[in-house]
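See below for the structure under consideration.
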Amino acid sequence: MNKNQKILVVGCGIAGPMICYWLKKYGFSPTLIEKSKELRTGGYAVDVRGIAADIVKKMGIYDAIYTKRTSVLSKRYVDAEGRILSEEKGEKASFREGSDVEIERGNLVDILFQSISDIPCHFDKEIMHLIQKDEFVEVTFKGGQTEHYDLVIAADGLHSSTRKMAFSRDEYDLFSLGSYIGIFSIPNYLHLNRVEVSFVKDQKIIGVNCDQDPDRALVRLAFCAKKALSGIESEKRQKRCLKETFYGLGWESNRLLDLIDDSKDFYFDAIAQIKMDCWTKGRVALVGDAGYCPSPMSGQGTNLAIVGAYILAGELKLAKGDFSIAFKRYNELMRPLVDASQDLGVWVGESYLPEGEISKERVEERSNLIREKIKVLSSGISLPNYE
Ligand SMILES: Cc1cc2nc3c(=O)[nH]c(=O)nc-3n(C[C@H](O)[C@H](O)[C@H](O)COP(=O)(O)OP(=O)(O)OC[C@H]3O[C@@H](n4cnc5c(N)ncnc54)[C@H](O)[C@@H]3O)c2cc1C
């Protein structure tokens, strides 16, 4: 019989449902809360690679993910007039090998959520106060209700408020990579068909791709900012910021920006990492972006969330719920993978937003380097078996 069975998991993104699935399988009683009123779908494509693919196979959801996978067949770079500078085709263009699969974040969240239909999940719910006692964590929710849990696992993303409640400011660093990203969908007026087109200039990138839905294209705008932006909390201001930054850049910049106000699935954030020496404190543990966001540039955030959740749940099972043993092992096992993923995030962030314009040679050289780095990373950890 496990100790510390009553576990609160915060955040229904990738890491949250993932850890709930494994905790329940190992005999714990997780409860999941999500601050949004409904499942937050949308977003760009994310990767499930290497041992993360092995983990979703163990859960029996790999086929569902594979069915919904993206299938972009060609990646092109164009110049300001839309002339093709370089083109890479097939899976190789997306740095995938073997069972690696890419899927839109929203589709993955949906599949994970369906796999935990037997676990209580409360939307529009968030923590206001959290007090750690010797025997339990006292949690007060929005609305004033108080509850005791044996453990709290925070999977509430890059801007985790649980992290802010449980850790002091000197125990984590929100490390900005000096850039921002905006993502939104538009009608596919460029008539792209399983193609991604990118235009890079002056440390800004515009990417547009169309995948399964021929009527819809996804736009990705990323840019370097000399200093941290302020006053861009609201969606309106974020959209205005993108308009000011990208208007007149070239290629399709102006037409894309004219469509931004009609988008229903707008996403905007700083490109940042969370740096911490330890992802656990007392009876609280952080998993996924909340503890070790490697930045969207790394392409490793989803992988880390999947692997981290699997390892944390597995170590709790091995230690029969003794969190002090399990948390120590979790910190040790995840460290090399997190550090390598964050190094990759910094490197990709810099190389994707170069000064001036990009050349065919530079694209090829960079792609080869990324492939090598991902291969090293994928072999950096072997899948522990907790069955
Ligand atoms: C809406 C959305 C769109 C995204 N789009 C992209 C993208 O296009 N490209 C990309 O590379 N990365 C994107 N990301 C980030 C990427 O999905 C993550 O890096 C990665 O998948 C790690 O997953 P995670 O579960 O740790 O965090 P996340 O996927 O960020 O999930 C965290 C969850 O916690 C919830 N939450 C936050 N605060 C609280 C709170 N106080 N109480 C309860 N719940 C809370 C959030 O609503 C969210 O559902 C997106 C994230 C979100 C939330």
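Going through the structure tokens in order, the chains are called A, B, and so on, while each chain numbers its residues from 1 and the ligands are numbered from 1 in the order shown.
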**OP:** Output the neighbourhood of ligand 1 as a ChimeraX atom specification, that is, all protein and nucleic acid residues with some atom at most 7 Å from the ligand, counting only C-alpha atoms and all ligand atoms.
**Re:** /A:10-16,33-36,39-46,105,125-127,155-162,183,267,287-290,293,295-297,299,301-302,305
**OP:** Identify, with DSSP run on backbone atoms, the residues in segment 257-349 of chain A assigned to strand (DSSP E), and express the list as a count of residues only.
**Re:** 14
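Residues in contact with Tyr386 of chain A at up to 9 Å, not including ones fewer than 6 positions away on its chain and judged by only C-alpha atoms, are Ile311, Gly314, Glu315, Lys317 and Leu318 of chain A.
Every protein or nucleic acid residue with an atom no more than 12 Å from Ala93 of chain A, counting only C-alpha atoms and leaving out same-chain residues fewer than 2 positions away, appears here: Ser71, Val72, Leu73, Ser74, Lys75, Arg76, Tyr77, Ser86, Glu87, Glu88, Lys89, Gly90, Glu91, Phe95, Arg96, Glu97, Val195, Glu196, Val363, Glu364, Arg366, Ser367, Asn368, Ile370 and Arg371 of chain A.
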Near segment 242-251 of chain A, 6 Å: segment 41-130 of chain A residue rows, closest pairs, only C-alpha atoms, as a Markdown table:
| residue | atom | partner | partner_atom | distance |
| --- | --- | --- | --- | --- |
| A:Ala80 | CA | A:Trp251 | CA | 4.4 |
| A:Glu81 | CA | A:Trp251 | CA | 5.3 |
| A:Gly82 | CA | A:Trp251 | CA | 5.5 |
Keeping C-alpha atoms for every residue in the selection just given, could you write it to a file as an mmCIF file, in the first residue's frame?
data_model
loop_
_atom_site.group_PDB
_atom_site.id
_atom_site.type_symbol
_atom_site.label_atom_id
_atom_site.label_comp_id
_atom_site.auth_asym_id
_atom_site.auth_seq_id
_atom_site.Cartn_x
_atom_site.Cartn_y
_atom_site.Cartn_z
ATOM 1 C CA ALA A 80 11.255 38.931 -49.360
ATOM 2 C CA GLU A 81 9.696 38.458 -52.812
ATOM 3 C CA GLY A 82 8.626 34.865 -52.122
#
**OP:** Within 8 Å of Gln203 of chain A, counting only C-alpha atoms, which residues show up once you throw out same-chain ones fewer than 6 positions away? Write them as a ChimeraX atom specification, please.
**Re:** /A:223-224,352-356
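Closest approach to Lys227 of chain A from the set A:Phe184, A:Ser179, A:Lys57, A:Gly291 is made by A:Ser179, with distances taken over only C-alpha atoms.
With only C-alpha atoms as the atoms that count, the residue of A:Lys142, A:His129, A:Lys68, A:Lys328 with the shortest distance to Gly106 of chain A is A:Lys68.
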